[in-house]
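Asks: Okay, so here is input23.txt, and as you'll see once you scroll down, it has compact mmCIF, C-alpha atoms and all ligand atoms.
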```txt
# COMPACT_ATOMS: atom_id res chain seq x y z
CA MET A 1 30.98 -22.31 -57.07
CA LYS A 2 33.17 -22.39 -60.16
CA TYR A 3 31.31 -23.30 -63.38
CA ILE A 4 27.89 -23.54 -61.68
CA ASP A 5 27.21 -20.02 -60.40
CA GLU A 6 28.39 -18.61 -63.73
CA PHE A 7 25.45 -20.30 -65.43
CA ARG A 8 22.89 -19.15 -62.81
CA ASP A 9 23.76 -15.45 -62.66
CA GLY A 10 20.55 -13.46 -62.14
CA ALA A 11 21.83 -10.25 -63.74
CA ILE A 12 22.85 -12.07 -66.92
CA ALA A 13 19.53 -13.93 -66.94
CA ARG A 14 17.67 -10.60 -66.85
CA GLN A 15 19.82 -9.28 -69.71
CA LEU A 16 19.12 -12.39 -71.78
CA GLY A 17 15.41 -12.03 -70.97
CA GLU A 18 15.50 -8.42 -72.21
CA ARG A 19 17.22 -9.50 -75.46
CA ILE A 20 14.58 -12.17 -76.05
CA HIS A 21 11.84 -9.57 -75.42
CA ALA A 22 13.55 -7.15 -77.79
CA GLU A 23 14.11 -9.64 -80.60
CA ALA A 24 10.90 -11.70 -80.47
CA HIS A 25 8.45 -10.05 -82.86
CA PRO A 26 5.26 -9.10 -80.98
CA ASP A 27 3.05 -10.10 -83.91
CA ARG A 28 4.08 -13.75 -84.14
CA VAL A 29 4.15 -16.78 -81.84
CA TYR A 30 7.31 -18.84 -81.30
CA ARG A 31 6.64 -22.42 -80.18
CA PHE A 32 9.77 -24.26 -79.08
CA MET A 33 9.81 -27.81 -77.75
CA GLU A 34 12.29 -28.68 -75.05
CA PHE A 35 12.59 -32.38 -75.85
CA CYS A 36 14.46 -33.25 -72.69
CA GLY A 37 12.98 -33.50 -69.19
CA GLY A 38 16.14 -31.91 -67.78
CA HIS A 39 15.27 -28.70 -69.64
CA THR A 40 11.64 -28.90 -68.48
CA HIS A 41 12.95 -29.10 -64.91
CA ALA A 42 15.38 -26.18 -65.43
CA LEU A 43 12.68 -23.98 -67.01
CA SER A 44 10.34 -24.53 -64.05
CA ARG A 45 12.87 -24.60 -61.23
CA TYR A 46 14.64 -21.36 -62.16
CA GLY A 47 11.54 -19.48 -63.31
CA VAL A 48 12.90 -19.07 -66.83
CA THR A 49 9.40 -18.99 -68.33
CA GLU A 50 8.66 -15.86 -66.26
CA LEU A 51 11.44 -14.06 -68.10
CA LEU A 52 10.03 -14.85 -71.55
CA PRO A 53 7.59 -12.69 -73.49
CA PRO A 54 4.11 -14.24 -73.93
CA GLN A 55 4.67 -14.89 -77.63
CA VAL A 56 7.60 -17.25 -76.83
CA GLN A 57 5.99 -20.51 -75.71
CA MET A 58 7.86 -23.52 -74.38
CA ILE A 59 6.28 -26.92 -75.03
CA HIS A 60 7.27 -29.99 -73.04
CA GLY A 61 8.48 -32.94 -75.06
CA PRO A 62 8.76 -36.68 -74.39
CA GLY A 63 12.35 -36.60 -73.12
CA CYS A 64 11.81 -37.84 -69.57
CA PRO A 65 12.83 -41.53 -69.58
CA VAL A 66 10.41 -42.76 -66.91
CA CYS A 67 7.55 -40.73 -68.42
CA VAL A 68 7.69 -42.51 -71.75
CA LEU A 69 7.93 -46.02 -70.31
CA PRO A 70 4.64 -47.76 -71.15
CA ILE A 71 2.68 -49.64 -68.49
CA GLY A 72 3.14 -52.97 -70.29
CA ARG A 73 6.91 -52.83 -69.87
CA ILE A 74 6.67 -52.17 -66.13
CA ASP A 75 4.21 -55.06 -65.88
CA LEU A 76 6.85 -57.36 -67.41
CA ALA A 77 9.36 -56.35 -64.72
CA ILE A 78 6.79 -56.78 -61.95
CA ARG A 79 5.88 -60.25 -63.20
CA LEU A 80 9.54 -61.26 -63.28
CA ALA A 81 9.76 -60.44 -59.58
CA LEU A 82 6.37 -61.71 -58.38
CA GLU A 83 5.84 -64.75 -60.61
CA ARG A 84 9.32 -65.84 -61.68
CA GLY A 85 11.19 -65.16 -58.44
CA ALA A 86 13.83 -62.95 -60.06
CA ILE A 87 15.65 -60.13 -58.30
CA VAL A 88 14.73 -57.07 -60.38
CA CYS A 89 17.12 -54.11 -60.18
CA THR A 90 16.32 -50.67 -61.57
CA TYR A 91 16.81 -46.92 -61.15
CA GLY A 92 14.94 -45.11 -58.36
CA ASP A 93 12.28 -43.17 -60.27
CA THR A 94 11.27 -46.26 -62.24
CA MET A 95 10.13 -47.87 -58.98
CA ARG A 96 7.22 -45.41 -58.57
CA VAL A 97 5.74 -45.39 -62.08
CA PRO A 98 2.12 -46.62 -61.95
CA ALA A 99 1.51 -49.98 -63.64
CA SER A 100 -1.44 -52.38 -64.00
CA ASP A 101 -3.68 -53.56 -61.12
CA GLY A 102 -2.83 -50.55 -58.96
CA LEU A 103 0.75 -51.75 -58.76
CA SER A 104 4.13 -50.14 -59.30
CA LEU A 105 7.51 -51.75 -58.76
CA ILE A 106 7.65 -50.33 -55.24
CA LYS A 107 4.16 -51.66 -54.43
CA ALA A 108 5.14 -55.03 -55.89
CA LYS A 109 8.14 -54.97 -53.56
CA ALA A 110 5.76 -54.45 -50.63
CA ARG A 111 3.90 -57.56 -51.82
CA GLY A 112 7.08 -59.60 -51.51
CA GLY A 113 8.78 -59.08 -54.89
CA ASP A 114 12.57 -58.84 -54.60
CA ILE A 115 12.91 -55.49 -56.34
CA ARG A 116 15.94 -53.36 -55.63
CA MET A 117 16.85 -49.78 -56.43
CA VAL A 118 20.33 -49.41 -57.92
CA TYR A 119 22.38 -46.39 -58.92
CA SER A 120 23.99 -48.04 -61.93
CA ALA A 121 23.91 -51.07 -64.20
CA ALA A 122 27.18 -52.12 -62.55
CA ASP A 123 25.37 -52.36 -59.18
CA ALA A 124 22.89 -54.78 -60.77
CA LEU A 125 25.74 -56.97 -61.99
CA LYS A 126 27.28 -56.93 -58.49
CA THR A 127 23.92 -58.10 -57.14
CA ALA A 128 24.01 -61.03 -59.58
CA GLN A 129 27.54 -61.93 -58.46
CA ALA A 130 26.46 -61.77 -54.82
CA HIS A 131 23.47 -64.09 -55.44
CA PRO A 132 24.65 -66.81 -57.87
CA ASP A 133 21.66 -68.97 -56.92
CA ARG A 134 19.11 -66.34 -58.06
CA GLU A 135 18.18 -64.86 -61.44
CA VAL A 136 18.97 -61.13 -61.46
CA VAL A 137 17.37 -58.87 -64.09
CA PHE A 138 18.41 -55.30 -64.72
CA PHE A 139 15.35 -53.32 -65.86
CA ALA A 140 17.24 -50.95 -68.18
CA ILE A 141 15.51 -47.72 -69.18
CA GLY A 142 16.58 -44.40 -70.64
CA PHE A 143 17.79 -42.62 -73.73
CA GLU A 144 21.26 -42.75 -75.29
CA THR A 145 22.70 -41.37 -72.03
CA THR A 146 22.13 -44.50 -69.95
CA THR A 147 22.59 -47.00 -72.79
CA PRO A 148 26.43 -47.17 -72.94
CA PRO A 149 26.76 -48.21 -69.25
CA THR A 150 24.23 -51.01 -69.81
CA ALA A 151 26.20 -52.17 -72.87
CA LEU A 152 29.47 -52.17 -70.94
CA VAL A 153 27.94 -54.18 -68.11
CA VAL A 154 26.60 -56.82 -70.53
CA GLN A 155 30.09 -57.19 -71.97
CA GLN A 156 31.55 -57.37 -68.48
CA ALA A 157 29.04 -60.04 -67.45
CA GLU A 158 30.09 -62.11 -70.46
CA ARG A 159 33.79 -61.66 -69.72
CA LEU A 160 33.29 -62.66 -66.08
CA GLY A 161 31.09 -65.62 -67.00
CA VAL A 162 28.14 -64.42 -64.89
CA LYS A 163 25.33 -66.80 -65.81
CA ASN A 164 22.45 -65.49 -63.68
CA PHE A 165 22.34 -61.93 -65.05
CA SER A 166 20.11 -60.53 -67.80
CA VAL A 167 18.76 -57.19 -69.02
CA LEU A 168 15.15 -56.23 -69.71
CA CYS A 169 16.12 -53.68 -72.34
CA CYS A 170 13.87 -50.62 -72.69
CA HIS A 171 16.47 -48.18 -73.98
CA VAL A 172 14.98 -45.70 -76.46
CA LEU A 173 16.34 -43.45 -79.19
CA THR A 174 15.96 -39.68 -79.32
CA PRO A 175 16.08 -38.92 -83.07
CA ALA A 176 13.33 -41.45 -83.82
CA ALA A 177 11.05 -39.79 -81.26
CA VAL A 178 11.68 -36.31 -82.70
CA THR A 179 10.89 -37.62 -86.18
CA HIS A 180 7.66 -39.15 -84.86
CA ILE A 181 6.60 -35.85 -83.28
CA LEU A 182 7.27 -33.97 -86.51
CA ALA A 183 5.54 -36.54 -88.69
CA ALA A 184 2.60 -36.91 -86.21
CA PRO A 185 1.14 -39.87 -88.15
CA ASP A 186 -1.97 -39.94 -85.91
CA ALA A 187 -2.48 -36.16 -85.83
CA GLU A 188 -6.14 -36.44 -86.82
CA GLN A 189 -6.87 -38.62 -83.81
CA HIS A 190 -4.61 -37.00 -81.22
CA GLY A 191 -3.96 -33.49 -82.52
CA LYS A 192 -0.69 -31.99 -83.60
CA VAL A 193 1.31 -29.18 -82.12
CA GLU A 194 2.94 -26.74 -84.54
CA LEU A 195 6.58 -26.26 -83.61
CA ASP A 196 9.10 -23.61 -84.66
CA GLY A 197 12.16 -25.37 -83.28
CA PHE A 198 13.69 -27.62 -80.67
CA ILE A 199 16.03 -27.27 -77.74
CA GLY A 200 18.22 -30.32 -78.25
CA PRO A 201 19.03 -32.57 -75.28
CA ALA A 202 22.22 -32.04 -73.30
CA HIS A 203 23.39 -35.41 -72.02
CA VAL A 204 22.04 -37.40 -74.97
CA SER A 205 23.91 -35.10 -77.33
CA ILE A 206 27.19 -35.65 -75.47
CA VAL A 207 26.86 -39.29 -76.56
CA ILE A 208 25.35 -39.01 -80.06
CA GLY A 209 26.76 -35.59 -81.03
CA SER A 210 24.97 -32.81 -82.89
CA ASP A 211 25.08 -34.39 -86.36
CA PRO A 212 21.98 -36.63 -85.86
CA TYR A 213 19.80 -33.49 -85.62
CA VAL A 214 20.78 -32.23 -89.08
CA PRO A 215 17.81 -33.98 -90.80
CA PHE A 216 15.38 -31.99 -88.62
CA ALA A 217 16.97 -28.73 -89.72
CA GLU A 218 17.46 -29.64 -93.36
CA GLY A 219 14.55 -32.00 -94.01
CA TRP A 220 11.87 -30.49 -91.76
CA HIS A 221 13.16 -26.92 -91.69
CA LYS A 222 13.13 -26.87 -87.87
CA PRO A 223 15.98 -25.11 -86.08
CA VAL A 224 17.65 -27.12 -83.30
CA VAL A 225 19.83 -25.58 -80.58
CA ILE A 226 21.53 -28.03 -78.24
CA ALA A 227 21.67 -26.59 -74.72
CA GLY A 228 23.07 -27.42 -71.30
CA PHE A 229 20.82 -27.77 -68.25
CA GLU A 230 21.67 -24.55 -66.43
CA PRO A 231 19.19 -21.65 -66.67
CA LEU A 232 21.51 -19.42 -68.69
CA ASP A 233 22.15 -22.29 -71.12
CA VAL A 234 18.43 -22.61 -71.73
CA MET A 235 17.86 -18.86 -72.10
CA GLN A 236 20.77 -18.50 -74.52
CA ALA A 237 19.34 -21.40 -76.56
CA ILE A 238 15.91 -19.73 -76.68
CA LEU A 239 17.52 -16.50 -77.91
CA MET A 240 19.41 -18.46 -80.59
CA LEU A 241 16.16 -20.13 -81.69
CA VAL A 242 14.32 -16.80 -81.86
CA ARG A 243 17.13 -15.42 -84.04
CA GLN A 244 17.02 -18.41 -86.38
CA VAL A 245 13.27 -18.08 -86.79
CA ASN A 246 13.52 -14.32 -87.39
CA GLU A 247 16.18 -14.84 -90.03
CA GLY A 248 14.33 -17.73 -91.70
CA ARG A 249 17.20 -20.10 -90.90
CA ALA A 250 16.87 -23.73 -89.83
CA GLU A 251 20.24 -24.98 -88.61
CA VAL A 252 21.67 -27.13 -85.87
CA GLU A 253 23.47 -24.86 -83.43
CA ASN A 254 25.35 -25.92 -80.36
CA GLU A 255 25.07 -23.77 -77.24
CA PHE A 256 26.57 -26.60 -75.14
CA THR A 257 30.00 -26.53 -76.78
CA ARG A 258 31.68 -27.25 -73.46
CA ALA A 259 30.45 -30.86 -73.72
CA VAL A 260 28.92 -31.60 -77.14
CA THR A 261 30.78 -32.14 -80.42
CA PRO A 262 29.37 -32.89 -83.90
CA LYS A 263 30.28 -36.59 -83.72
CA GLY A 264 29.72 -37.15 -79.98
CA ASN A 265 31.37 -39.89 -77.94
CA VAL A 266 32.49 -42.35 -80.59
CA ALA A 267 33.73 -44.91 -78.06
CA ALA A 268 30.31 -44.96 -76.35
CA GLN A 269 28.54 -45.31 -79.72
CA LYS A 270 30.83 -48.25 -80.59
CA VAL A 271 30.04 -50.20 -77.43
CA MET A 272 26.30 -49.52 -77.88
CA ASP A 273 26.49 -50.81 -81.43
CA GLU A 274 28.38 -53.93 -80.37
CA VAL A 275 25.76 -54.96 -77.81
CA PHE A 276 22.48 -53.56 -79.16
CA GLU A 277 20.54 -53.41 -82.40
CA VAL A 278 17.49 -51.34 -83.33
CA ARG A 279 14.04 -52.88 -82.73
CA ASP A 280 11.55 -52.72 -85.59
CA SER A 281 9.10 -50.92 -83.32
CA PHE A 282 8.56 -50.05 -79.67
CA GLU A 283 5.60 -48.64 -77.77
CA TRP A 284 6.17 -45.31 -76.02
CA ARG A 285 3.77 -43.91 -73.46
CA GLY A 286 2.08 -40.99 -75.18
CA LEU A 287 3.57 -41.51 -78.64
CA GLY A 288 2.21 -44.99 -79.31
CA VAL A 289 4.17 -47.47 -81.41
CA VAL A 290 7.20 -45.71 -82.92
CA PRO A 291 9.20 -47.49 -85.63
CA HIS A 292 12.95 -47.99 -85.13
CA SER A 293 12.87 -46.10 -81.84
CA ALA A 294 14.37 -48.51 -79.30
CA LEU A 295 17.11 -51.08 -78.81
CA LYS A 296 17.31 -54.80 -78.06
CA LEU A 297 20.28 -57.06 -77.39
CA ARG A 298 22.04 -58.52 -80.40
CA GLU A 299 21.93 -62.27 -81.05
CA ARG A 300 25.51 -62.58 -79.79
CA TYR A 301 24.32 -61.46 -76.33
CA ALA A 302 21.04 -63.42 -76.38
CA ALA A 303 21.96 -65.16 -73.11
CA PHE A 304 21.73 -61.79 -71.35
CA ASP A 305 18.39 -60.82 -72.90
CA ALA A 306 15.66 -61.18 -70.24
CA GLU A 307 12.92 -61.20 -72.91
CA ARG A 308 14.38 -64.36 -74.47
CA ARG A 309 15.58 -65.94 -71.26
CA PHE A 310 12.14 -65.76 -69.63
CA ASP A 311 10.14 -65.98 -72.88
CA LEU A 312 8.43 -62.65 -72.18
CA HIS A 313 5.68 -61.32 -74.43
CA TYR A 314 4.81 -57.65 -74.40
CA GLN A 315 1.14 -56.71 -73.89
CA PRO A 316 0.14 -53.06 -74.41
CA VAL A 317 -1.92 -51.62 -71.54
CA PRO A 318 -3.90 -48.36 -71.82
CA ASP A 319 -3.18 -45.49 -69.43
CA HIS A 320 -5.59 -44.42 -66.67
CA LYS A 321 -8.65 -43.01 -68.48
CA ALA A 322 -8.47 -39.52 -66.96
CA CYS A 323 -4.68 -39.18 -67.24
CA GLU A 324 -3.47 -36.73 -69.88
CA CYS A 325 0.18 -37.88 -69.83
CA GLY A 326 -0.05 -39.02 -73.45
CA ALA A 327 -1.18 -35.64 -74.73
CA ILE A 328 1.40 -33.87 -72.53
CA LEU A 329 4.19 -36.06 -73.88
CA ARG A 330 3.10 -35.21 -77.44
CA GLY A 331 3.16 -31.50 -76.53
CA VAL A 332 -0.55 -31.13 -77.22
CA LYS A 333 -1.62 -30.40 -73.60
CA ARG A 334 -0.16 -28.90 -70.44
CA PRO A 335 -0.23 -30.37 -66.91
CA THR A 336 -3.03 -28.06 -65.78
CA ASP A 337 -5.23 -29.40 -68.59
CA CYS A 338 -5.49 -32.66 -66.62
CA LYS A 339 -8.32 -32.65 -64.12
CA LEU A 340 -6.36 -34.93 -61.78
CA PHE A 341 -3.42 -32.49 -61.56
CA GLY A 342 -2.63 -31.45 -58.00
CA ASN A 343 -5.69 -33.03 -56.42
CA VAL A 344 -5.85 -36.77 -57.10
CA CYS A 345 -2.42 -36.83 -58.76
CA THR A 346 0.55 -35.44 -56.80
CA PRO A 347 4.25 -36.38 -56.57
CA ASP A 348 3.43 -38.39 -53.41
CA ASN A 349 0.61 -40.21 -55.16
CA PRO A 350 1.30 -40.17 -58.92
CA VAL A 351 -1.51 -41.43 -61.14
CA GLY A 352 0.46 -40.94 -64.34
CA SER A 353 4.13 -41.17 -65.21
CA CYS A 354 4.61 -37.40 -65.75
CA MET A 355 4.15 -36.85 -61.99
CA VAL A 356 6.85 -39.32 -60.94
CA SER A 357 10.27 -37.95 -61.82
CA SER A 358 11.35 -34.35 -61.16
CA GLU A 359 11.95 -34.22 -64.95
CA GLY A 360 8.31 -35.01 -65.70
CA ALA A 361 6.23 -32.07 -66.89
CA CYS A 362 3.54 -32.54 -64.21
CA ALA A 363 6.01 -32.96 -61.34
CA ALA A 364 8.02 -29.93 -62.50
CA HIS A 365 4.90 -27.77 -62.71
CA TYR A 366 3.58 -29.08 -59.36
CA SER A 367 6.88 -28.32 -57.59
CA TYR A 368 7.75 -24.97 -59.12
CA GLY A 369 5.04 -23.56 -61.32
CA ARG A 370 1.58 -24.16 -59.92
CA PHE A 371 1.52 -21.03 -57.75
CA ARG A 372 1.68 -18.95 -60.93
CA ASP A 373 -1.76 -20.32 -61.80
CA ILE A 374 -3.35 -18.96 -58.61
CA PRO A 375 -4.69 -15.41 -59.06
CA ILE A 376 -3.15 -12.91 -56.60
CA VAL A 377 -5.85 -11.62 -54.25
CA PRO A 378 -5.00 -8.56 -52.13
CA ALA A 379 -5.29 -9.24 -48.39
CA ALA A 380 -8.39 -7.83 -46.63
CA PRO A 381 -7.64 -4.66 -44.54
CA GLN A 382 -8.25 -6.41 -41.18
CA ALA A 383 -5.98 -9.29 -42.21
CA ARG A 384 -3.28 -6.76 -43.11
CA ALA A 385 -3.69 -5.02 -39.74
CA ALA A 386 -3.42 -8.33 -37.89
S1 LIG A 401 -1.55 -34.79 -63.50
FE1 LIG A 401 -1.09 -36.96 -63.19
S2 LIG A 401 -2.70 -38.04 -64.23
FE2 LIG A 401 -2.73 -35.94 -65.00
S3 LIG A 401 -1.41 -35.95 -66.81
FE3 LIG A 401 -0.11 -35.42 -65.10
S4 LIG A 401 0.72 -37.36 -64.40
FE4 LIG A 401 -1.01 -37.87 -65.75
```
What does the file become when written as structure tokens?
Ligand code: SF4

Replies:
Amino acid sequence: MKYIDEFRDGAIARQLGERIHAEAHPDRVYRFMEFCGGHTHALSRYGVTELLPPQVQMIHGPGCPVCVLPIGRIDLAIRLALERGAIVCTYGDTMRVPASDGLSLIKAKARGGDIRMVYSAADALKTAQAHPDREVVFFAIGFETTTPPTALVVQQAERLGVKNFSVLCCHVLTPAAVTHILAAPDAEQHGKVELDGFIGPAHVSIVIGSDPYVPFAEGWHKPVVIAGFEPLDVMQAILMLVRQVNEGRAEVENEFTRAVTPKGNVAAQKVMDEVFEVRDSFEWRGLGVVPHSALKLRERYAAFDAERRFDLHYQPVPDHKACECGAILRGVKRPTDCKLFGNVCTPDNPVGSCMVSSEGACAAHYSYGRFRDIPIVPAAPQARAA
């Protein structure tokens, strides 16, 4: 398949693995955070971590949009459906994220809430047009990748004069989260992971460009290499990071030149800026309250803001006591550090958000990596004979 197989070539992957082995100094540890859940998925799915030397460690970051959605925000959406009679539309994975009282959006739907899975913000607007007698709320989540379509749909709703449509805006911002991880203001309480560099997100960077990462290279002296989601993209990025560390450089490099430019998609940034403004603070699952890290609708579009329209008030809700999602999203722990992993908590029955989406660290490790943790035991002679 043109332009897919080229980035999954096993022979080239082995060569890249050998280069990383050759260039990574055996007497030091390299800790790189893949911020984005898409990279976490690629690392697990294609067995990239098996090709790395032990001193090159990949640390999952908080870049899976459903993983970082706090319980309190899902509760707001559930209440809109169950108590206010609204039709709530959202993306598929969001439906399964555990919320308060043993509920999730999909369980609330089973209790009679009119909650619908949509593939796009535009589908939510079509639902509003099809049901002019009902309030329709689009539960909008995601990083800078999914934000421009939400902005366009709000503008379209205004142009078309759709009066029964609003957005529960939970769009979050990547650079603010990276800054928060580096600053680790609550490190004493929650621990801090030492990082030597970042693999920069692919799709987010198509929108925002590579320039917003410059402060992490210049101010924090952390190399950033933006990479695509194919296995060879990720391996090439790891090699580029190892080289930067070896040479004492901290620069923003772009492995994903086929899609990312320094300035990004200026038209998408413009429409985002027209519709949204930055919130003073926003709670992330795992990271806590992060200043200037999320968006809300501007005053001009107040009529489409579900928080104002329904007078919603956010209430923080703690995670399940035994769930380690928070520490995993901060990069401090790994999925297997959670005692619920793979027994109580599975993709069919997620207890925490990291087990919901295929981009979540726990789901990725459950699907592709957990067999690595099981020691290989040679078969008994009689079993071999049979
Ligand atoms: S295994 Fe489940 S409960 Fe444990 S950290 Fe992962 S998602 Fe949370």

Asks: Using only C-alpha atoms and all ligand atoms, determine which residues fall within 7 Å of ligand LIG 401 (chain A), then list them as JSON, numbers by chain.

Replies: {"A": [322, 323, 324, 325, 328, 335, 338, 339, 340, 341, 342, 345, 346, 350, 351, 352, 353, 354, 355, 362]}

Asks: May I have the residues within 12 Å of A:Phe256 as JSON, numbers by chain, using only C-alpha atoms and disregarding those fewer than 5 positions away in the same chain?

Replies: {"A": [7, 199, 200, 201, 202, 203, 204, 205, 206, 209, 210, 225, 226, 227, 228, 229, 230, 232, 233, 234, 236, 237, 261, 262]}

Asks: Hey, which bits of stretch 199-304 of chain A sit within 12 Å of stretch 129-146 of chain A, and for each residue what's the closest pair of atoms and how far apart in Å (one decimal), counting only C-alpha atoms, rows by chain and increasing number, as a Markdown table?

Replies:
```
| residue | atom | partner | partner_atom | distance |
| --- | --- | --- | --- | --- |
| A:Pro201 | CA | A:Thr145 | CA | 10.1 |
| A:Ala202 | CA | A:Thr145 | CA | 9.4 |
| A:His203 | CA | A:Thr145 | CA | 6.0 |
| A:Val204 | CA | A:Thr145 | CA | 5.0 |
| A:Ser205 | CA | A:Thr145 | CA | 8.3 |
| A:Ile206 | CA | A:Thr145 | CA | 8.0 |
| A:Val207 | CA | A:Thr145 | CA | 6.5 |
| A:Ile208 | CA | A:Glu144 | CA | 7.3 |
| A:Gly209 | CA | A:Glu144 | CA | 10.7 |
| A:Gly264 | CA | A:Glu144 | CA | 11.2 |
| A:Asn265 | CA | A:Thr145 | CA | 10.6 |
| A:Ala268 | CA | A:Glu144 | CA | 9.4 |
| A:Gln269 | CA | A:Glu144 | CA | 8.9 |
| A:Val271 | CA | A:Glu144 | CA | 11.7 |
| A:Met272 | CA | A:Glu144 | CA | 8.8 |
| A:Asp273 | CA | A:Glu144 | CA | 11.4 |
| A:Phe276 | CA | A:Glu144 | CA | 11.5 |
| A:Trp284 | CA | A:Gly142 | CA | 11.8 |
| A:Ser293 | CA | A:Phe143 | CA | 10.1 |
| A:Ala294 | CA | A:Phe143 | CA | 8.8 |
| A:Leu295 | CA | A:Phe143 | CA | 9.9 |
| A:Lys296 | CA | A:Ala140 | CA | 10.6 |
| A:Leu297 | CA | A:Ala140 | CA | 11.5 |
| A:Ala303 | CA | A:Val137 | CA | 11.9 |
| A:Phe304 | CA | A:Val137 | CA | 9.0 |
```

Asks: Would you mind reading off the distance between atom CA of A:Pro318 and atom CA of A:Val344, one decimal, in Å?

Replies: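 Atom CA of A:Val344 lies 18.8 Å from atom CA of A:Pro318.
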
Asks: Between A:Arg96, A:Arg84, A:Arg73, A:His25, which is the closest to A:Gly113 once you count only C-alpha atoms?

Replies: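 Nearest to A:Gly113: A:Arg84.
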
Asks: Using only C-alpha atoms, which of A:Gly92, A:Ile74, A:Leu125, A:Pro149 sits nearest A:Gly161?

Replies: A:Leu125

Asks: Under the rule that all atoms listed in the file are counted, which of A:Ala151, A:Cys89, A:Ala250, A:Ala176 is the nearest residue to A:Lys222?

Replies: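 Among the listed residues, A:Ala250 lies closest to A:Lys222.
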
Asks: May I ask which of the residues A:Arg285, A:Arg31, A:His320, A:His365 is the closest one to A:Val56, counting all atoms listed in the file?

Replies: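 Residue with the minimum atom-to-atom distance to A:Val56: A:Arg31.
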
Asks: Measuring between only C-alpha atoms, which one of A:Asn343, A:Ser281, A:Gln15, A:Thr336 shows the shortest distance to A:Leu173?

Replies: A:Ser281

Asks: How many Å separate atom CA of A:Ile71 from atom CA of A:Leu103?

Replies: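 Going from atom CA of A:Ile71 over to atom CA of A:Leu103 covers 10.1 Å.
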
Asks: Which polymer residues have any atom within 12 Å of an atom of A:Glu34, counting only C-alpha atoms, with same-chain residues fewer than 4 positions away left out, as a PyMOL selection string?

Replies: chain A and resi 38-44+57-64+178+195-202+224-229+234-235+237-238+241+329-331+359-361

Asks: Kindly indicate which residue among A:Ala128, A:Leu182, A:Gln55, A:Phe32 lies nearest to A:Leu160, using only C-alpha atoms for the distances.

Replies: A:Ala128

Asks: Tell me, as a ChimeraX atom specification, which residues lie within 7 Å of A:Ala306, counting all atoms listed in the file; anything in the same chain fewer than 3 positions away does not count.

Replies: /A:137,166-168,309-310

Asks: Restricting the output to C-alpha atoms, write the selected residues as a PDB file, keeping the file's coordinate frame.

Replies:
```
ATOM      1  CA  VAL A 137      17.370 -58.870 -64.090  1.00  0.00           C
ATOM      2  CA  SER A 166      20.110 -60.530 -67.800  1.00  0.00           C
ATOM      3  CA  VAL A 167      18.760 -57.190 -69.020  1.00  0.00           C
ATOM      4  CA  LEU A 168      15.150 -56.230 -69.710  1.00  0.00           C
ATOM      5  CA  ARG A 309      15.580 -65.940 -71.260  1.00  0.00           C
ATOM      6  CA  PHE A 310      12.140 -65.760 -69.630  1.00  0.00           C
TER       7      PHE A 310
END
```

Asks: What gap, in Å, lies between atom CA of A:Asp114 and atom CA of A:Leu152?

Replies: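 Atom CA of A:Leu152 lies 24.4 Å from atom CA of A:Asp114.
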
Asks: Hey, could you patch up stretch 135-142 of chain A with N, CA, C and O atoms and hand it over as a PDB file, in the coordinates of the input?

Replies:
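Wrote part30.pdb, looks like this:
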```pdb
ATOM      1  N   GLU A 135      18.168 -65.606 -60.180  1.00  0.00           N
ATOM      2  CA  GLU A 135      18.180 -64.860 -61.440  1.00  0.00           C
ATOM      3  C   GLU A 135      18.099 -63.369 -61.119  1.00  0.00           C
ATOM      4  O   GLU A 135      17.222 -62.951 -60.338  1.00  0.00           O
ATOM      5  N   VAL A 136      18.981 -62.579 -61.687  1.00  0.00           N
ATOM      6  CA  VAL A 136      18.970 -61.130 -61.460  1.00  0.00           C
ATOM      7  C   VAL A 136      18.750 -60.428 -62.798  1.00  0.00           C
ATOM      8  O   VAL A 136      19.473 -60.678 -63.771  1.00  0.00           O
ATOM      9  N   VAL A 137      17.706 -59.580 -62.838  1.00  0.00           N
ATOM     10  CA  VAL A 137      17.370 -58.870 -64.090  1.00  0.00           C
ATOM     11  C   VAL A 137      17.549 -57.382 -63.877  1.00  0.00           C
ATOM     12  O   VAL A 137      16.999 -56.818 -62.914  1.00  0.00           O
ATOM     13  N   PHE A 138      18.297 -56.754 -64.757  1.00  0.00           N
ATOM     14  CA  PHE A 138      18.410 -55.300 -64.720  1.00  0.00           C
ATOM     15  C   PHE A 138      17.367 -54.715 -65.664  1.00  0.00           C
ATOM     16  O   PHE A 138      17.382 -54.976 -66.861  1.00  0.00           O
ATOM     17  N   PHE A 139      16.418 -53.960 -65.078  1.00  0.00           N
ATOM     18  CA  PHE A 139      15.350 -53.320 -65.860  1.00  0.00           C
ATOM     19  C   PHE A 139      15.950 -52.008 -66.379  1.00  0.00           C
ATOM     20  O   PHE A 139      16.012 -51.017 -65.656  1.00  0.00           O
ATOM     21  N   ALA A 140      16.424 -52.039 -67.636  1.00  0.00           N
ATOM     22  CA  ALA A 140      17.240 -50.950 -68.180  1.00  0.00           C
ATOM     23  C   ALA A 140      16.367 -49.969 -68.952  1.00  0.00           C
ATOM     24  O   ALA A 140      15.739 -50.347 -69.949  1.00  0.00           O
ATOM     25  N   ILE A 141      16.308 -48.726 -68.480  1.00  0.00           N
ATOM     26  CA  ILE A 141      15.510 -47.720 -69.180  1.00  0.00           C
ATOM     27  C   ILE A 141      16.398 -46.527 -69.520  1.00  0.00           C
ATOM     28  O   ILE A 141      17.497 -46.376 -68.996  1.00  0.00           O
ATOM     29  N   GLY A 142      15.887 -45.650 -70.369  1.00  0.00           N
ATOM     30  CA  GLY A 142      16.580 -44.400 -70.640  1.00  0.00           C
ATOM     31  C   GLY A 142      16.952 -44.215 -72.088  1.00  0.00           C
ATOM     32  O   GLY A 142      16.849 -45.136 -72.903  1.00  0.00           O
TER      33      GLY A 142
END
```
